[in-house]
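> So here's target-v1.cif, just mmCIF, C-alpha atoms and all ligand atoms:
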data_data
loop_
_atom_site.label_atom_id
_atom_site.label_comp_id
_atom_site.auth_asym_id
_atom_site.auth_seq_id
_atom_site.Cartn_x
_atom_site.Cartn_y
_atom_site.Cartn_z
CA MET Z 1377 18.70 129.51 19.99
CA ALA Z 1378 19.97 126.11 18.96
CA CYS Z 1379 17.51 123.35 18.10
CA GLY Z 1380 18.60 119.88 19.12
CA GLY Z 1381 19.69 118.00 16.04
CA LEU Z 1382 18.07 114.78 14.86
CA MET Z 1383 20.36 115.20 11.86
CA ALA Z 1384 23.86 116.67 12.04
CA ALA Z 1385 23.42 118.29 8.63
CA PRO Z 1386 20.76 118.72 5.94
CA VAL Z 1387 20.31 116.13 3.19
CA CYS Z 1388 18.82 116.35 -0.27
CA LEU Z 1389 15.15 115.27 -0.23
CA ILE Z 1390 14.19 115.82 -3.86
CA GLU Z 1391 16.64 116.06 -6.74
CA ASN Z 1392 16.75 115.90 -10.53
CA ASP Z 1393 17.56 112.50 -12.01
CA ASP Z 1394 19.69 112.03 -15.16
CA ASN Z 1395 16.62 112.60 -17.34
CA GLY Z 1396 15.86 115.90 -15.65
CA LYS Z 1397 12.88 114.45 -13.75
CA LEU Z 1398 12.32 114.99 -10.03
CA ARG Z 1399 13.15 112.06 -7.78
CA LEU Z 1400 12.91 111.43 -4.04
CA ARG Z 1401 16.21 110.54 -2.36
CA LYS Z 1402 16.02 107.25 -0.47
CA GLU Z 1403 18.42 108.43 2.22
CA ALA Z 1404 16.07 111.30 3.11
CA LYS Z 1405 12.96 109.10 2.92
CA ASP Z 1406 14.62 106.65 5.35
CA ILE Z 1407 15.24 109.50 7.82
CA LEU Z 1408 11.58 110.55 7.65
CA ASP Z 1409 10.52 106.90 8.00
CA GLY Z 1410 12.18 106.85 11.42
CA ILE Z 1411 10.21 109.88 12.71
CA ASN Z 1412 7.04 108.66 14.44
CA GLU Z 1413 6.00 111.99 15.92
CA PRO Z 1414 4.04 114.86 14.33
CA VAL Z 1415 6.03 117.18 12.10
CA VAL Z 1416 5.90 120.95 11.70
CA VAL Z 1417 7.10 121.53 8.14
CA VAL Z 1418 8.49 124.94 7.17
CA SER Z 1419 9.62 125.49 3.60
CA VAL Z 1420 11.23 128.54 2.04
CA VAL Z 1421 10.76 129.53 -1.60
CA GLY Z 1422 11.69 132.56 -3.65
CA LEU Z 1423 14.01 133.88 -6.31
CA TYR Z 1424 17.56 132.62 -6.38
CA ARG Z 1425 20.31 134.41 -4.40
CA THR Z 1426 18.01 136.08 -1.89
CA GLY Z 1427 19.26 134.59 1.39
CA LYS Z 1428 16.82 131.68 1.73
CA SER Z 1429 19.36 129.12 2.93
CA TYR Z 1430 20.75 131.61 5.46
CA LEU Z 1431 17.26 132.15 6.92
CA MET Z 1432 16.67 128.40 7.21
CA ASN Z 1433 19.98 127.99 9.07
CA ARG Z 1434 18.75 130.58 11.55
CA LEU Z 1435 15.61 128.49 12.10
CA ALA Z 1436 17.84 125.48 12.74
CA GLY Z 1437 19.73 127.65 15.25
CA GLN Z 1438 22.97 127.00 13.40
CA GLN Z 1439 25.59 129.22 11.81
CA SER Z 1440 25.94 126.82 8.89
CA GLY Z 1441 24.11 123.79 7.53
CA PHE Z 1442 22.20 124.52 4.35
CA ALA Z 1443 24.92 125.53 1.91
CA LEU Z 1444 25.16 129.25 1.12
CA GLY Z 1445 26.59 130.59 -2.12
CA SER Z 1446 28.67 133.74 -2.32
CA THR Z 1447 28.69 134.13 -6.10
CA ILE Z 1448 25.99 135.14 -8.56
CA GLU Z 1449 25.35 131.49 -9.39
CA SER Z 1450 22.38 129.78 -7.80
CA LYS Z 1451 23.48 127.41 -5.08
CA THR Z 1452 20.71 125.18 -3.70
CA LYS Z 1453 19.49 122.52 -6.14
CA GLY Z 1454 16.24 120.62 -5.67
CA ILE Z 1455 14.75 120.51 -2.15
CA TRP Z 1456 16.95 119.98 0.91
CA MET Z 1457 15.72 118.82 4.29
CA TRP Z 1458 16.89 119.26 7.86
CA CYS Z 1459 14.94 117.59 10.67
CA VAL Z 1460 15.60 119.07 14.11
CA THR Z 1461 13.96 118.70 17.51
CA HIS Z 1462 11.21 121.30 17.76
CA PRO Z 1463 12.53 123.96 20.14
CA TYR Z 1464 9.10 124.84 21.60
CA LYS Z 1465 6.72 121.92 20.95
CA GLU Z 1466 7.63 118.81 22.87
CA GLY Z 1467 7.12 115.57 20.97
CA HIS Z 1468 7.28 117.34 17.60
CA THR Z 1469 9.96 117.43 14.94
CA LEU Z 1470 10.66 120.60 12.99
CA VAL Z 1471 11.31 119.76 9.35
CA LEU Z 1472 13.02 122.57 7.45
CA LEU Z 1473 12.83 122.48 3.65
CA ASP Z 1474 15.20 124.72 1.72
CA THR Z 1475 14.44 124.95 -1.98
CA GLU Z 1476 16.16 125.75 -5.22
CA GLY Z 1477 15.96 129.45 -6.10
CA LEU Z 1478 13.32 130.31 -8.67
CA GLY Z 1479 13.83 132.27 -11.85
CA ASP Z 1480 17.42 131.43 -12.76
CA VAL Z 1481 17.33 131.81 -16.56
CA LYS Z 1482 20.31 129.45 -16.96
CA LYS Z 1483 18.11 126.56 -15.87
CA GLY Z 1484 16.10 126.76 -19.05
CA ASP Z 1485 13.20 124.67 -17.67
CA GLU Z 1486 10.50 126.91 -16.23
CA LYS Z 1487 8.28 123.95 -15.35
CA HIS Z 1488 10.97 122.75 -12.95
CA ASP Z 1489 10.53 125.96 -10.92
CA THR Z 1490 6.78 125.49 -10.97
CA TRP Z 1491 7.09 122.00 -9.49
CA ILE Z 1492 9.55 123.16 -6.81
CA PHE Z 1493 7.00 125.80 -5.81
CA CYS Z 1494 4.09 123.34 -5.87
CA LEU Z 1495 5.95 120.73 -3.82
CA SER Z 1496 6.83 123.37 -1.24
CA VAL Z 1497 3.14 124.25 -0.96
CA LEU Z 1498 2.07 120.59 -0.82
CA LEU Z 1499 4.60 119.42 1.75
CA SER Z 1500 4.72 122.30 4.21
CA SER Z 1501 2.50 123.55 6.99
CA THR Z 1502 4.10 127.01 6.75
CA LEU Z 1503 5.39 128.42 3.47
CA VAL Z 1504 7.94 131.24 3.71
CA TYR Z 1505 8.18 133.35 0.55
CA ASN Z 1506 11.49 135.17 0.56
CA SER Z 1507 12.25 138.25 -1.55
CA LEU Z 1508 14.60 141.21 -1.63
CA GLY Z 1509 13.70 144.90 -1.33
CA VAL Z 1510 10.03 145.83 -1.23
CA ILE Z 1511 6.59 144.32 -1.88
CA ASP Z 1512 5.65 146.14 -5.04
CA ASN Z 1513 3.98 145.13 -8.27
CA THR Z 1514 7.22 143.67 -9.63
CA ALA Z 1515 7.61 141.52 -6.50
CA LEU Z 1516 4.03 140.29 -6.89
CA GLU Z 1517 4.51 139.60 -10.60
CA LYS Z 1518 7.53 137.46 -9.71
CA LEU Z 1519 5.21 135.45 -7.52
CA HIS Z 1520 3.32 134.30 -10.64
CA TYR Z 1521 3.77 130.67 -9.52
CA ILE Z 1522 0.90 131.32 -7.15
CA THR Z 1523 -1.43 132.07 -10.04
CA GLU Z 1524 -0.55 128.72 -11.63
CA LEU Z 1525 -1.43 126.65 -8.56
CA THR Z 1526 -4.96 125.90 -9.78
CA GLU Z 1527 -3.53 124.35 -12.97
CA ASN Z 1528 -0.88 122.33 -11.17
CA ILE Z 1529 -2.55 121.13 -8.00
CA ARG Z 1530 -5.95 119.54 -7.53
CA VAL Z 1531 -7.64 119.35 -4.15
CA LYS Z 1532 -10.50 117.01 -5.00
CA ALA Z 1533 -10.35 113.81 -6.99
CA GLU Z 1534 -13.47 115.01 -8.84
CA VAL Z 1535 -13.10 118.45 -10.36
CA GLY Z 1536 -15.70 120.86 -9.04
CA GLN Z 1537 -16.61 124.49 -9.49
CA HIS Z 1538 -13.79 127.03 -9.67
CA GLU Z 1539 -15.17 128.86 -6.62
CA GLU Z 1540 -15.17 125.65 -4.65
CA GLU Z 1541 -11.53 125.07 -5.55
CA SER Z 1542 -10.49 128.44 -4.05
CA ALA Z 1543 -12.17 127.61 -0.77
CA ASP Z 1544 -10.69 124.12 -0.87
CA PHE Z 1545 -7.19 125.47 -1.39
CA MET Z 1546 -7.64 127.80 1.56
CA ARG Z 1547 -8.65 124.87 3.74
CA VAL Z 1548 -5.65 122.72 2.90
CA PHE Z 1549 -2.83 125.12 2.02
CA PRO Z 1550 -0.08 126.10 4.48
CA SER Z 1551 0.01 129.42 6.23
CA PHE Z 1552 1.97 132.04 4.33
CA VAL Z 1553 4.84 134.18 5.58
CA TRP Z 1554 6.44 136.82 3.36
CA ALA Z 1555 10.04 137.55 4.42
CA VAL Z 1556 11.26 140.80 2.88
CA ARG Z 1557 15.05 141.05 3.02
CA ASP Z 1558 17.25 144.17 2.82
CA PHE Z 1559 14.19 146.30 3.50
CA THR Z 1560 15.33 149.92 3.82
CA LEU Z 1561 12.07 151.87 3.92
CA GLU Z 1562 10.14 153.17 6.91
CA LEU Z 1563 6.89 151.37 7.69
CA LYS Z 1564 4.70 154.46 7.50
CA MET Z 1565 1.52 155.39 5.63
CA GLY Z 1566 0.98 159.12 5.70
CA ASN Z 1567 2.00 159.97 9.24
CA LYS Z 1568 0.88 156.68 10.62
CA GLN Z 1569 3.26 153.93 11.63
CA ILE Z 1570 2.05 150.59 10.25
CA THR Z 1571 2.96 147.00 11.04
CA SER Z 1572 4.66 144.73 8.51
CA ASP Z 1573 1.42 142.73 8.28
CA GLU Z 1574 -0.49 145.90 7.37
CA TYR Z 1575 2.21 146.63 4.80
CA LEU Z 1576 1.60 143.23 3.17
CA GLU Z 1577 -2.18 143.59 3.26
CA SER Z 1578 -2.02 147.06 1.71
CA ALA Z 1579 0.16 145.66 -1.10
CA LEU Z 1580 -2.56 143.06 -1.69
CA THR Z 1581 -5.35 145.64 -2.09
CA LEU Z 1582 -7.30 144.99 -5.28
CA LYS Z 1583 -7.92 147.66 -7.91
CA SER Z 1584 -11.50 148.19 -9.00
CA GLY Z 1585 -12.42 147.73 -12.64
CA SER Z 1586 -12.32 144.87 -15.10
CA SER Z 1587 -9.87 145.93 -17.80
CA PRO Z 1588 -7.31 143.26 -18.77
CA GLN Z 1589 -4.59 145.35 -17.09
CA THR Z 1590 -6.58 145.55 -13.86
CA GLU Z 1591 -7.29 141.82 -14.02
CA GLN Z 1592 -3.57 141.13 -14.48
CA TYR Z 1593 -2.72 143.44 -11.57
CA ASN Z 1594 -5.30 141.80 -9.32
CA LEU Z 1595 -4.60 138.16 -10.18
CA PRO Z 1596 -1.58 137.39 -7.91
CA ARG Z 1597 -3.15 139.46 -5.12
CA ARG Z 1598 -6.44 137.64 -5.43
CA CYS Z 1599 -4.70 134.24 -5.43
CA LEU Z 1600 -2.71 135.10 -2.30
CA ARG Z 1601 -5.81 136.31 -0.51
CA HIS Z 1602 -8.00 133.42 -1.64
CA PHE Z 1603 -5.59 130.53 -1.22
CA PHE Z 1604 -3.79 131.44 1.98
CA ALA Z 1605 -6.03 132.21 4.93
CA VAL Z 1606 -3.20 133.00 7.36
CA ARG Z 1607 -0.72 135.62 6.13
CA LYS Z 1608 2.20 137.24 7.95
CA CYS Z 1609 4.99 139.54 6.91
CA PHE Z 1610 8.45 140.19 8.34
CA VAL Z 1611 10.78 142.88 7.06
CA PHE Z 1612 14.50 142.49 7.66
CA PRO Z 1613 16.98 145.35 7.32
CA ARG Z 1614 20.37 144.68 5.74
CA PRO Z 1615 22.18 142.25 8.02
CA ALA Z 1616 25.38 144.23 8.31
CA SER Z 1617 27.02 147.40 7.07
CA SER Z 1618 28.46 147.27 3.58
CA THR Z 1619 32.00 147.16 4.97
CA THR Z 1620 31.41 143.90 6.82
CA CYS Z 1621 28.51 142.78 4.64
CA PRO Z 1622 27.97 140.06 3.51
CA LYS Z 1623 29.73 137.92 1.02
CA ARG Z 1624 29.96 135.22 3.65
CA MET Z 1625 27.33 135.94 6.23
CA GLU Z 1626 27.75 132.55 7.84
CA GLU Z 1627 31.18 133.75 8.97
CA LEU Z 1628 29.80 136.81 10.76
CA THR Z 1629 29.31 136.49 14.51
CA GLU Z 1630 26.09 137.71 16.15
CA LYS Z 1631 27.99 140.82 17.33
CA GLU Z 1632 28.92 141.73 13.77
CA LEU Z 1633 25.29 141.57 12.65
CA ASP Z 1634 23.11 144.68 12.72
CA SER Z 1635 21.13 144.68 15.99
CA GLU Z 1636 17.84 145.49 14.23
CA PHE Z 1637 18.42 142.61 11.80
CA LEU Z 1638 19.10 140.29 14.72
CA GLU Z 1639 15.94 141.43 16.48
CA GLN Z 1640 13.84 140.82 13.36
CA ALA Z 1641 15.47 137.45 12.78
CA ASN Z 1642 14.70 136.44 16.37
CA THR Z 1643 11.10 137.69 16.11
CA PHE Z 1644 10.69 135.72 12.89
CA CYS Z 1645 12.12 132.53 14.46
CA HIS Z 1646 9.95 132.95 17.54
CA TYR Z 1647 6.85 133.33 15.36
CA ILE Z 1648 7.66 130.18 13.39
CA PHE Z 1649 8.44 128.14 16.51
CA ASP Z 1650 5.35 129.38 18.31
CA SER Z 1651 2.76 129.59 15.55
CA ALA Z 1652 3.66 127.19 12.74
CA ASP Z 1653 1.22 124.30 13.04
CA PRO Z 1654 1.94 120.62 12.60
CA LYS Z 1655 1.44 119.38 9.06
CA THR Z 1656 -2.05 118.06 8.35
CA VAL Z 1657 -3.65 116.53 5.27
CA THR Z 1658 -7.17 116.76 3.79
CA GLY Z 1659 -9.56 115.89 6.59
CA GLY Z 1660 -7.42 117.72 9.14
CA ARG Z 1661 -5.39 114.75 10.31
CA THR Z 1662 -1.90 115.56 11.66
CA ILE Z 1663 0.84 113.52 10.06
CA THR Z 1664 4.11 112.02 11.30
CA GLY Z 1665 7.53 112.10 9.64
CA THR Z 1666 6.85 108.62 8.22
CA ALA Z 1667 3.65 109.85 6.58
CA LEU Z 1668 5.40 112.99 5.29
CA GLY Z 1669 7.98 110.79 3.53
CA ASN Z 1670 5.18 108.70 1.99
CA LEU Z 1671 3.32 111.85 0.96
CA ALA Z 1672 6.46 113.25 -0.70
CA GLU Z 1673 6.83 109.95 -2.58
CA VAL Z 1674 3.22 110.02 -3.78
CA TYR Z 1675 3.49 113.62 -5.03
CA VAL Z 1676 6.86 113.14 -6.72
CA GLU Z 1677 5.57 109.98 -8.43
CA ALA Z 1678 2.50 111.90 -9.70
CA ILE Z 1679 4.73 114.64 -11.13
CA ARG Z 1680 7.15 112.11 -12.67
CA SER Z 1681 4.32 110.37 -14.47
CA GLY Z 1682 2.98 113.63 -15.86
CA LYS Z 1683 -0.11 113.81 -13.63
CA VAL Z 1684 -1.41 116.78 -11.68
CA PRO Z 1685 -0.82 116.05 -7.98
CA CYS Z 1686 -4.17 115.71 -6.22
CA LEU Z 1687 -4.47 116.11 -2.44
CA GLU Z 1688 -7.45 113.83 -2.06
CA ASN Z 1689 -5.87 111.02 -4.11
CA ALA Z 1690 -2.62 111.48 -2.20
CA VAL Z 1691 -4.40 110.92 1.10
CA VAL Z 1692 -5.97 107.70 -0.25
CA SER Z 1693 -2.53 106.46 -1.42
CA LEU Z 1694 -0.98 107.56 1.86
CA ALA Z 1695 -3.61 105.68 3.88
CA LYS Z 1696 -2.98 102.51 1.85
CA ILE Z 1697 0.81 102.66 2.34
CA GLN Z 1698 0.53 103.44 6.05
CA ASN Z 1699 -2.15 100.83 6.77
CA VAL Z 1700 -0.41 97.98 4.96
CA ARG Z 1701 2.67 98.78 7.01
CA ALA Z 1702 0.64 99.07 10.22
CA VAL Z 1703 -0.81 95.58 9.63
CA GLU Z 1704 2.68 94.16 9.03
CA GLN Z 1705 4.09 95.73 12.17
CA ALA Z 1706 1.14 94.69 14.33
CA LEU Z 1707 1.44 91.08 13.11
CA GLN Z 1708 5.15 91.10 13.76
CA PHE Z 1709 4.45 92.37 17.28
CA TYR Z 1710 1.81 89.69 17.83
CA MET Z 1711 4.09 86.83 16.79
CA THR Z 1712 7.07 88.02 18.82
CA GLU Z 1713 4.96 88.65 21.92
CA MET Z 1714 3.09 85.30 21.70
CA LEU Z 1715 6.27 83.31 21.22
CA SER Z 1716 7.91 84.98 24.19
CA MET Z 1717 4.88 84.54 26.48
CA ALA Z 1718 3.73 81.02 25.62
CA GLN Z 1719 5.32 78.61 28.11
CA LEU Z 1720 5.28 74.85 27.52
CA PRO Z 1721 3.37 72.79 28.40
CA MET Z 1722 0.25 74.97 28.19
CA ARG Z 1723 -3.49 74.32 28.13
CA PRO Z 1724 -5.49 75.68 25.15
CA GLU Z 1725 -7.49 77.97 27.52
CA GLU Z 1726 -4.29 79.54 28.83
CA LEU Z 1727 -3.07 80.04 25.28
CA SER Z 1728 -6.37 81.63 24.41
CA ASP Z 1729 -6.02 84.08 27.33
CA ILE Z 1730 -2.55 85.11 26.21
CA HIS Z 1731 -3.85 85.48 22.68
CA THR Z 1732 -6.65 87.80 23.83
CA VAL Z 1733 -4.24 90.09 25.70
CA THR Z 1734 -1.64 90.09 22.92
CA GLU Z 1735 -4.19 90.67 20.20
CA LYS Z 1736 -5.41 93.75 22.05
CA LYS Z 1737 -1.87 95.08 22.29
CA ALA Z 1738 -1.29 94.32 18.59
CA ILE Z 1739 -4.40 96.29 17.70
CA ASP Z 1740 -3.01 99.23 19.72
CA VAL Z 1741 0.22 98.99 17.69
CA PHE Z 1742 -1.90 99.01 14.53
CA ILE Z 1743 -3.99 102.00 15.64
CA ILE Z 1744 -0.94 104.14 16.40
CA MET Z 1745 0.45 103.57 12.91
CA SER Z 1746 -2.75 103.34 10.88
CA PHE Z 1747 -4.16 106.20 8.88
CA ASN Z 1748 -7.84 106.99 8.18
CA ASP Z 1749 -8.88 103.34 8.58
CA ASN Z 1750 -12.33 104.55 9.56
CA ASP Z 1751 -14.20 101.48 8.30
CA GLN Z 1752 -11.62 99.20 9.95
CA ILE Z 1753 -10.92 97.50 6.64
CA TYR Z 1754 -7.23 97.08 7.43
CA GLN Z 1755 -7.83 96.37 11.10
CA GLN Z 1756 -10.01 93.43 10.08
CA GLU Z 1757 -7.22 92.21 7.85
CA LEU Z 1758 -5.11 92.16 10.97
CA MET Z 1759 -7.66 90.06 12.85
CA VAL Z 1760 -7.84 87.27 10.28
CA PRO Z 1761 -4.14 86.46 10.27
CA ALA Z 1762 -4.09 86.94 14.04
CA ASP Z 1763 -6.60 84.12 14.31
CA THR Z 1764 -4.60 82.05 11.89
CA ASN Z 1765 -1.51 82.75 13.94
CA LYS Z 1766 -3.30 81.67 17.06
CA LEU Z 1767 -4.25 78.43 15.33
CA LYS Z 1768 -0.72 77.88 14.07
CA LEU Z 1769 0.69 78.54 17.49
CA THR Z 1770 -1.84 76.21 19.13
CA VAL Z 1771 -0.96 73.41 16.70
CA HIS Z 1772 2.71 74.09 17.21
CA LEU Z 1773 2.43 74.10 21.00
CA CYS Z 1774 0.11 71.05 21.09
CA LYS Z 1775 2.61 69.09 19.02
CA CYS Z 1776 5.32 70.07 21.46
CA ARG Z 1777 3.08 68.97 24.36
CA ALA Z 1778 2.39 65.62 22.75
CA GLN Z 1779 6.12 65.02 22.60
CA ILE Z 1780 6.57 65.69 26.31
N1 LIG Z 1801 22.36 141.46 1.46
C1 LIG Z 1801 22.05 140.32 2.07
N2 LIG Z 1801 22.77 139.23 1.83
C2 LIG Z 1801 22.41 138.09 2.45
C3 LIG Z 1801 21.31 138.02 3.37
N3 LIG Z 1801 21.22 136.75 3.82
C4 LIG Z 1801 22.19 136.05 3.23
N4 LIG Z 1801 22.93 136.86 2.40
C5 LIG Z 1801 24.09 136.52 1.59
O1 LIG Z 1801 23.59 136.32 0.26
C6 LIG Z 1801 24.25 135.24 -0.37
C7 LIG Z 1801 23.23 134.20 -0.78
O2 LIG Z 1801 22.65 133.61 0.38
P1 LIG Z 1801 21.93 132.22 0.32
O3 LIG Z 1801 21.31 132.00 1.65
O4 LIG Z 1801 22.81 131.18 -0.24
O5 LIG Z 1801 20.78 132.57 -0.76
P2 LIG Z 1801 19.74 131.57 -1.46
O6 LIG Z 1801 18.50 132.34 -1.66
O7 LIG Z 1801 19.64 130.32 -0.66
O8 LIG Z 1801 20.42 131.28 -2.86
P3 LIG Z 1801 20.09 130.08 -3.89
O9 LIG Z 1801 20.26 128.80 -3.16
O10 LIG Z 1801 21.11 130.25 -4.96
O11 LIG Z 1801 18.71 130.33 -4.40
C8 LIG Z 1801 25.27 134.72 0.62
O12 LIG Z 1801 26.51 135.31 0.32
C9 LIG Z 1801 24.75 135.20 1.97
O13 LIG Z 1801 25.82 135.40 2.86
C10 LIG Z 1801 20.55 139.21 3.61
O14 LIG Z 1801 19.59 139.27 4.39
N5 LIG Z 1801 20.98 140.33 2.93
MG MG Z 1802 20.03 128.39 -1.16
#
Taking this structure as input, can you express it in the form of structure tokens?


Amino acid sequence: MACGGLMAAPVCLIENDDNGKLRLRKEAKDILDGINEPVVVVSVVGLYRTGKSYLMNRLAGQQSGFALGSTIESKTKGIWMWCVTHPYKEGHTLVLLDTEGLGDVKKGDEKHDTWIFCLSVLLSSTLVYNSLGVIDNTALEKLHYITELTENIRVKAEVGQHEEESADFMRVFPSFVWAVRDFTLELKMGNKQITSDEYLESALTLKSGSSPQTEQYNLPRRCLRHFFAVRKCFVFPRPASSTTCPKRMEELTEKELDSEFLEQANTFCHYIFDSADPKTVTGGRTITGTALGNLAEVYVEAIRSGKVPCLENAVVSLAKIQNVRAVEQALQFYMTEMLSMAQLPMRPEELSDIHTVTEKKAIDVFIIMSFNDNDQIYQQELMVPADTNKLKLTVHLCKCRAQI
């Protein structure tokens, strides 16, 4: 199932600069800037060398794209982005974010992993956590990044009660999908067949008691349950037999892949295409590609300057960036339209009529691009120069008339 490509290949969205700090790539920001429709953002995170990039290529409907590694060395660095036409939702763009594998000891900087995880949570509307084998205690311990979210992300500008924060996270965080790769067990409990979702939920069952060990056991489970309201699980068998498998899976044709793997991969893709929601920000507003690029910039800047990214502050910054731009574009529209419509010689009343119509259209241009301008602060800014423009144009046209 191939998704139409807005981009022929993925590009790097967030990378490390020479000082080891995260930085947003301008090339990728420019691509997002050009996307004026809502975006469904799906990111994949998980330990290195677990088939994340391969899974993202399947979502793009392509055999290759995000680079796959065939050695033990981690391959993807930073966060890579591929924007494709959404295969199911007309008028939407599917933004796929493939991230650097977590837990590679050679990296030496654990905080880097933490920020990759946080940015994936902050930027996506669906977060896919990818792991190999089974969902056991070890797998949940490896997901310790989830327990650090409260330290590294703030929802409200003003810090509130801890309980409030949990509920706030749940309101604003993406939906969560656990993709278990090379799963070889039977989904059975006792004699009863269970679904993969039931398998995940049973792995998240809390132990009773309050000993430090129990607390440690419960912590990642509690965080998953409290922060992510929507949870799904997909289990994938090995993709091919060991004779064909899989140093270079991108070279295997569909026929060479295990049929059960293919079926699971298709079910997974269908779920994402059908159920992954457009990206929203605090307040529930859906955002466009342009806004996503601005949001990424705000978060990366916060991390670069040593601050804890805050969702509420980000939305305020985002609104400012978007609204300033919306005013600029609306003014530009007004001037172009007025100059093309005003015919000489012209009476002031006629000019006024054209102004009224054009101003209305300019406000529409502003409204489409603006963001949370509920008190019309920026819209009023637009009106003042529009009046000034009208005056300037009148003077200009009257001078021309006087010369006739
Ligand atoms: N056994 C197995 N191998 C896979 C699977 N999917 C991909 N591979 C292979 O595993 C290797 C790593 O795949 P990638 O998709 O690059 O893994 P990654 O998680 O993106 O790796 P990093 O970018 O280094 O974190 C490649 O040789 C793939 O062909 C899978 O489901 N099972
Ligand atoms: Mg990769």

> Write out as a ChimeraX atom specification the residues lying within 12 Å of Trp1491 (chain Z), counting all atoms listed in the file and excluding same-chain residues fewer than 4 positions away.

/Z:1390-1392,1397-1399,1421,1454-1455,1475-1476,1478,1485-1487,1495-1499,1521-1522,1524-1525,1527-1529,1675-1676,1678-1680,1682-1685

> Quick one: everything within 8 Å of region 1551-1558 of chain Z, counting all atoms listed in the file, minus sequence neighbours fewer than 4 positions away in the same chain. Send it as a PyMOL selection string.

chain Z and resi 1426-1427+1501-1511+1604-1615+1652

> Given a cut-off of 10 Å, what residues near ligand MG 1802 (chain Z) show up using only C-alpha atoms and all ligand atoms, put as number ranges by chain?

Z: 1420-1432, 1442-1445, 1450-1456, 1474-1477

> Enumerate, as a VMD selection string, the protein, DNA and RNA residues whose atoms approach (-1.8, 94.2, 19.4) to within 12 Å, taking into account only C-alpha atoms and the coordinate frame of the file.

chain Z and resid 1702 to 1714 1730 to 1745 1755 1758 to 1759 1762

> With distances taken over only C-alpha atoms, which of Z:Lys1405, Z:Lys1482, Z:Lys1631, Z:His1520 is nearest to Ala1667 (chain Z)?

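When distances to Ala1667 (chain Z) are compared using only C-alpha atoms, the smallest one comes from Z:Lys1405.
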
> Tell me which of Z:Arg1624, Z:Lys1696, Z:Arg1530, Z:Lys1564 sits closest to ligand LIG 1801 (chain Z), counting all atoms listed in the file.

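Ranking Z:Arg1624, Z:Lys1696, Z:Arg1530, Z:Lys1564 by distance to ligand LIG 1801 (chain Z), first place goes to Z:Arg1624.
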
> Write out as a PyMOL selection string the residues lying within 7 Å of Asp1409 (chain Z), counting all atoms listed in the file and excluding same-chain residues fewer than 6 positions away.

chain Z and resi 1665-1666+1669

> Which one is closest to ligand LIG 1801 (chain Z): Z:Gly1479, Z:Gly1660, Z:Pro1654, Z:Pro1596? Count all atoms listed in the file.

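Looking only at the distances to ligand LIG 1801 (chain Z), the closest residue turns out to be Z:Gly1479.
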
> Looking at all atoms listed in the file, which of Z:Glu1725, Z:Asp1406, Z:Asp1489, Z:Glu1574 is the one that sits closest to Asn1670 (chain Z)?

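The answer is Z:Asp1406, which sits nearest to Asn1670 (chain Z).
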
> To one decimal place, how far is CA of Ala1641 (chain Z) from CA of Ala1436 (chain Z) in Å?

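Separation between CA of Ala1641 (chain Z) and CA of Ala1436 (chain Z): 12.2 Å.
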
> Tell me which of Z:Ala1385, Z:Val1674, Z:Val1548, Z:Ala1695 sits closest to Phe1747 (chain Z), counting all atoms listed in the file.

Z:Ala1695

> List the neighbours of region 1582-1589 of chain Z out to 12 Å using all atoms listed in the file; skip same-chain residues closer than 4 positions along the sequence, and give me the result as a list of chain:residue names.

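So the residues in contact are Z:Asn1513, Z:Glu1577, Z:Ser1578, Z:Tyr1593, Z:Asn1594, Z:Leu1595, Z:Pro1596, Z:Arg1597, Z:Arg1598, Z:Cys1599, Z:Leu1600, Z:Arg1601.
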
> Could you jot down the CA of Glu1630 (chain Z) to atom O8 of ligand LIG 1801 (chain Z) separation for me, Å, one decimal place?

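The value is 20.9 Å.
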
> Considering all atoms listed in the file, can you say which of Z:Asp1749, Z:Val1416, Z:Arg1547, Z:Asn1699 comes closest to Asp1650 (chain Z)?

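Result for the nearest residue to Asp1650 (chain Z): Z:Val1416.
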